[in-house]
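entry_0.txt (compact mmCIF, C-alpha atoms)
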# COMPACT_ATOMS: atom_id res chain seq x y z
CA GLY A 1 21.25 22.77 21.62
CA THR A 2 19.02 22.82 18.57
CA VAL A 3 21.74 22.29 15.96
CA PRO A 4 23.21 19.10 17.51
CA LEU A 5 19.70 17.79 18.16
CA ASN A 6 18.62 18.30 14.55
CA ASN A 7 21.80 16.61 13.38
CA ALA A 8 21.11 13.68 15.71
CA PHE A 9 17.59 13.35 14.28
CA GLU A 10 19.04 13.10 10.78
CA GLU A 11 21.67 10.54 11.79
CA PHE A 12 19.13 8.35 13.58
CA ALA A 13 16.71 8.60 10.65
CA ILE A 14 19.41 7.40 8.24
CA ARG A 15 20.39 4.61 10.62
CA ASP A 16 16.78 3.46 10.98
CA MET A 17 16.30 3.52 7.20
CA SER A 18 19.36 1.33 6.69
CA THR A 19 18.06 -1.34 9.09
CA MET A 20 14.26 -1.16 9.32
CA ILE A 21 13.49 -0.70 5.62
CA PRO A 22 15.38 -3.86 4.49
CA ILE A 23 13.62 -5.82 7.25
CA MET A 24 10.28 -4.40 6.13
CA PHE A 25 10.92 -5.36 2.50
CA LEU A 26 12.04 -8.85 3.57
CA ILE A 27 8.81 -9.42 5.51
CA ILE A 28 6.77 -8.22 2.53
CA MET A 29 8.63 -10.60 0.21
CA ILE A 30 8.02 -13.55 2.55
CA ILE A 31 4.29 -12.77 2.68
CA LEU A 32 4.16 -12.48 -1.13
CA VAL A 33 5.89 -15.84 -1.50
CA LEU A 34 3.40 -17.52 0.85
CA THR A 35 0.32 -15.93 -0.73
CA LEU A 36 1.00 -15.58 -4.46
CA ARG A 37 3.62 -18.33 -4.87
CA SER A 38 4.96 -16.83 -8.09
CA PHE A 39 8.28 -15.31 -9.14
CA TRP A 40 6.61 -12.40 -10.91
CA GLY A 41 4.20 -12.09 -8.01
CA ILE A 42 7.23 -11.06 -5.96
CA VAL A 43 9.19 -9.05 -8.51
CA LEU A 44 6.33 -6.87 -9.76
CA PRO A 45 5.05 -5.66 -6.36
CA MET A 46 8.58 -5.00 -5.13
CA GLY A 47 9.39 -3.04 -8.29
CA LEU A 48 6.18 -1.07 -7.86
CA LEU A 49 7.05 -0.32 -4.23
CA ILE A 50 10.47 0.99 -5.14
CA THR A 51 9.26 3.16 -8.02
CA SER A 52 6.35 4.51 -5.96
CA VAL A 53 8.81 5.69 -3.32
CA MET A 54 11.43 6.94 -5.78
CA PHE A 55 8.99 8.88 -7.98
CA PRO A 56 8.02 11.60 -5.46
CA VAL A 57 11.55 11.66 -4.01
CA PHE A 58 13.19 12.23 -7.39
CA LEU A 59 10.45 14.62 -8.50
CA PHE A 60 10.33 16.91 -5.49
CA ILE A 61 13.79 16.53 -3.96
CA GLY A 62 15.91 15.80 -7.00
CA TRP A 63 14.16 17.98 -9.57
CA LEU A 64 12.24 20.67 -7.67
CA ASN A 65 14.85 21.07 -4.88
CA PHE A 66 12.64 20.26 -1.90
CA SER A 67 14.39 19.33 1.35
CA LEU A 68 14.38 15.94 3.06
CA THR A 69 13.26 16.63 6.64
CA ASN A 70 12.42 14.62 9.73
CA ALA A 71 8.80 14.56 8.55
CA THR A 72 9.27 13.75 4.86
CA VAL A 73 11.65 10.87 5.57
CA ASN A 74 8.59 8.93 6.80
CA VAL A 75 7.10 8.96 3.30
CA ILE A 76 8.92 5.69 2.54
CA GLN A 77 7.00 3.68 5.13
CA ILE A 78 3.75 5.39 4.18
CA LEU A 79 4.06 4.66 0.47
CA VAL A 80 5.12 1.07 1.05
CA ALA A 81 1.84 0.44 2.87
CA VAL A 82 -0.18 2.25 0.19
CA ALA A 83 1.53 0.81 -2.88
CA ILE A 84 1.52 -2.83 -1.79
CA ALA A 85 -2.27 -2.81 -1.37
CA ASP A 86 -3.20 -2.04 -4.99
CA SER A 87 -0.54 -4.32 -6.46
CA VAL A 88 -1.57 -7.31 -4.34
CA HIS A 89 -5.25 -6.81 -5.24
CA VAL A 90 -4.36 -6.81 -8.93
CA LEU A 91 -2.05 -9.82 -8.78
CA ALA A 92 -4.36 -11.89 -6.58
CA VAL A 93 -7.23 -11.57 -9.05
CA PHE A 94 -4.95 -12.09 -12.05
CA TYR A 95 -3.40 -15.32 -10.76
CA LYS A 96 -6.80 -16.61 -9.69
CA GLN A 97 -8.03 -16.19 -13.26
CA ILE A 98 -4.89 -17.80 -14.68
CA ARG A 99 -5.23 -20.83 -12.39
CA GLN A 100 -8.81 -21.23 -13.53
CA GLY A 101 -7.53 -21.74 -17.07
CA LYS A 102 -8.13 -18.31 -18.62
CA SER A 103 -5.72 -16.70 -21.05
CA LYS A 104 -3.52 -13.81 -19.95
CA GLN A 105 -5.57 -11.37 -22.02
CA GLU A 106 -8.83 -12.50 -20.43
CA ALA A 107 -7.26 -12.59 -16.96
CA VAL A 108 -5.99 -9.02 -17.33
CA ARG A 109 -9.37 -7.84 -18.59
CA VAL A 110 -11.19 -9.38 -15.62
CA THR A 111 -8.56 -8.07 -13.21
CA ILE A 112 -8.91 -4.48 -14.40
CA HIS A 113 -12.71 -4.75 -14.46
CA LYS A 114 -12.85 -5.96 -10.85
CA ASN A 115 -10.20 -3.68 -9.36
CA PHE A 116 -10.27 -0.38 -11.25
CA ILE A 117 -13.14 1.42 -9.53
CA ALA A 118 -12.28 0.16 -6.05
CA CYS A 119 -8.60 1.05 -6.37
CA LEU A 120 -9.45 4.41 -7.96
CA ILE A 121 -11.76 5.41 -5.10
CA THR A 122 -9.36 4.29 -2.37
CA SER A 123 -6.33 5.88 -4.04
CA VAL A 124 -8.02 9.22 -4.73
CA THR A 125 -9.51 9.50 -1.24
CA THR A 126 -6.17 8.52 0.34
CA ALA A 127 -4.35 11.10 -1.81
CA ILE A 128 -6.89 13.75 -0.80
CA GLY A 129 -6.21 12.93 2.85
CA PHE A 130 -2.48 13.37 2.33
CA TYR A 131 -2.92 16.55 0.31
CA SER A 132 -5.00 18.00 3.15
CA LEU A 133 -1.68 18.38 5.00
CA LEU A 134 -0.94 21.22 2.58
CA THR A 135 -3.26 23.35 4.70
CA GLN A 136 -0.86 23.01 7.65
CA SER A 137 1.26 25.98 8.60
CA LEU A 138 4.38 23.82 9.06
CA PRO A 139 6.38 23.35 5.82
CA PRO A 140 7.75 19.85 6.69
CA PHE A 141 4.23 18.47 7.07
CA GLN A 142 3.13 20.24 3.89
CA ASP A 143 5.97 18.50 2.06
CA LEU A 144 5.01 15.16 3.62
CA GLY A 145 1.45 15.52 2.34
CA LEU A 146 2.69 16.51 -1.11
CA PHE A 147 5.13 13.59 -1.33
CA ALA A 148 2.70 10.98 0.01
CA GLY A 149 -0.29 12.15 -2.04
CA THR A 150 1.69 12.17 -5.27
CA GLY A 151 3.23 8.78 -4.51
CA THR A 152 -0.25 7.36 -3.84
CA LEU A 153 -1.55 8.48 -7.23
CA TYR A 154 1.55 7.12 -8.94
CA ALA A 155 1.09 3.76 -7.18
CA PHE A 156 -2.47 3.60 -8.54
CA TYR A 157 -1.26 4.35 -12.07
CA ALA A 158 1.50 1.76 -11.86
CA SER A 159 -0.82 -0.90 -10.42
CA LEU A 160 -3.73 -0.50 -12.86
CA PHE A 161 -1.89 0.56 -16.02
CA THR A 162 1.78 -0.43 -15.95
CA MET A 163 1.43 -3.75 -14.15
CA PRO A 164 -1.35 -5.18 -16.37
CA ALA A 165 0.68 -4.24 -19.45
CA LEU A 166 3.69 -6.09 -18.03
CA LEU A 167 1.58 -9.11 -17.13
CA LEU A 168 0.62 -9.46 -20.80
CA VAL A 169 4.21 -9.71 -22.02
CA LEU A 170 5.96 -11.51 -19.15
CA PRO A 171 6.45 -15.30 -19.42
CA ILE A 172 3.92 -16.35 -16.79
CA ARG A 173 3.46 -20.11 -16.62
CA THR A 174 0.94 -22.25 -14.81
CA HIS A 175 0.00 -25.91 -14.77
CA VAL A 176 -3.71 -25.49 -15.25
CA GLY A 177 -4.79 -29.04 -14.40
CA VAL A 178 -2.93 -29.23 -11.09
CA ASN A 179 -3.73 -25.66 -10.13
CA LYS A 180 -7.43 -26.16 -10.75
CA LEU A 181 -7.47 -28.81 -8.03
CA LYS A 182 -5.46 -26.58 -5.70
CA GLU A 183 -7.70 -23.65 -6.53
CA LYS A 184 -10.79 -25.72 -5.76
CA GLY A 185 -9.48 -26.78 -2.37
CA SER A 186 -8.26 -23.28 -1.57
CA SER A 187 -11.58 -21.79 -2.67
CA GLU A 188 -13.52 -24.17 -0.43
CA ARG A 189 -11.39 -23.27 2.59
CA THR A 190 -11.71 -19.57 1.80
CA SER A 191 -15.47 -19.87 1.36
CA ASN A 192 -15.83 -21.58 4.74
CA LEU A 193 -13.82 -18.83 6.44
CA ILE A 194 -15.88 -16.13 4.73
CA GLU A 195 -19.14 -17.83 5.74
CA LYS A 196 -18.02 -17.99 9.36
CA PHE A 197 -16.98 -14.35 9.22
CA GLU A 198 -20.34 -13.30 7.73
CA HIS A 199 -22.21 -15.35 10.34
CA GLY A 200 -20.28 -13.64 13.13
CA ILE A 201 -21.11 -10.21 11.73
CA ASN A 202 -24.82 -10.99 11.33
CA LYS A 203 -25.00 -12.47 14.82
CA ASN A 204 -23.31 -9.50 16.49
CA GLN A 205 -24.39 -6.66 14.22
CA VAL A 206 -26.04 -4.63 16.99
CA LEU A 207 -22.91 -4.82 19.15
CA ILE A 208 -20.72 -3.92 16.16
CA ARG A 209 -22.86 -0.88 15.28
CA TRP A 210 -22.87 0.54 18.79
CA SER A 211 -19.19 -0.11 19.41
CA SER A 212 -18.30 1.47 16.07
CA LEU A 213 -20.41 4.51 16.92
CA ILE A 214 -18.75 4.88 20.32
CA VAL A 215 -15.26 4.58 18.82
CA ALA A 216 -16.10 7.14 16.11
CA ILE A 217 -17.44 9.64 18.66
CA ALA A 218 -14.41 9.15 20.90
CA ALA A 219 -12.04 9.57 17.96
CA ALA A 220 -13.82 12.74 16.84
CA GLY A 221 -13.44 14.19 20.32
CA LEU A 222 -9.76 13.25 20.57
CA ILE A 223 -8.99 14.91 17.24
CA THR A 224 -9.25 18.29 18.95
CA LEU A 225 -6.32 17.33 21.21
CA ILE A 226 -3.89 16.83 18.34
CA GLU A 227 -1.23 19.53 18.12
CA MET A 228 1.26 20.07 15.32
CA ASP A 229 4.71 21.05 16.55
CA SER A 230 8.01 20.89 14.70
CA THR A 231 10.17 21.99 17.64
CA ALA A 232 12.52 19.07 18.20
CA LEU A 233 13.32 20.14 21.78
CA LYS A 234 9.66 19.56 22.73
CA PHE A 235 9.59 15.98 21.46
CA PHE A 236 10.99 14.65 24.71

Would you kindly transcribe this structure into C-alpha cells?
Amino acid sequence: GTVPLNNAFEEFAIRDMSTMIPIMFLIIMIILVLTLRSFWGIVLPMGLLITSVMFPVFLFIGWLNFSLTNATVNVIQILVAVAIADSVHVLAVFYKQIRQGKSKQEAVRVTIHKNFIACLITSVTTAIGFYSLLTQSLPPFQDLGLFAGTGTLYAFYASLFTMPALLLVLPIRTHVGVNKLKEKGSSERTSNLIEKFEHGINKNQVLIRWSSLIVAIAAAGLITLIEMDSTALKFF
C-alpha cells in the first residue's frame, strides 16, 4: 500500500545518505588534496559545503517548519555540486597568486576581481533555474526548488565574501622560491594542454557547431515528454 511504500522510501533515503554522502565527501577531499595540495584548501571548501547544505535545511525545515520529503532530500547532492564549484575557483586563483610570490591581500584582491562576475552570473542563473520549480503544482518539487535556489545563493556569498575574509586571517604558508619553479613547470604543462584543446576546437569547429545544434534541438523536443508525478506507486 501507499503508507508502507512511503515509509520504505524514507528508510532507503536515510540509508543512502548514511553511506553515499560520506563516500562523496571522501572523493571530493581526495580531489582537493591532489589539486590544491593545501590544508586550508581542503578545510575551507568542505566547511563551505556543509554550511551551504545546512543553511537551507535549518532555515526552511528547522525554522519555517517545512517537511523533508523524497524530493527535498536530494538537495544535499545538488548543493554539494553547486557549492564546490565556486569555492574551488576562488581557492585555485588565490593559491596561484600566493605561489607567484604575492601577498595575501594582493592575492585576495586579484581572486575576487577575477571570479566575482563569473561566479555571480552562474550562481544567479542557477538559482533562477531552481526557483523556477516554484511554478510546479507539486509541493515537494516547489520545496526542492526553494531549498536548492537559496542554498546556491548562500554558496556564492560564502565563496566570494566569507572565504576571502578567512583567507586573509588564516596562517597560510608557502615556500615561494620552490613553488615558483613548480608553478612554472605546472603552467607550461597546462599551457600545452590548453593549446592542444584550442587547436582541436578550431580544427573541428564546424562539426562542433552542427552537433551542438542537433543536440539542442533534440533536447528541446524531448522536454515536452517530461512529466512530473509524485505518486510513489507509479515509480516502478

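Between atom CA of Ile61 of chain A and atom CA of Met17 of chain A lies a distance of 17.3 Å.
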
Students should find that atom CA of Arg15 of chain A and atom CA of Tyr131 of chain A are spaced 28.1 Å

Distance query Asn74 of chain A at most 12 Å, all atoms listed in the file, self and fewer than 2 positions along chain excluded, as a ChimeraX atom specification: /A:10,13-14,16-17,20-21,53,57,68-72,76-81,140-141,143-145,147-148

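As for atom CA of Met163 of chain A and atom CA of Leu44 of chain A, they are spaced 7.3 Å apart.
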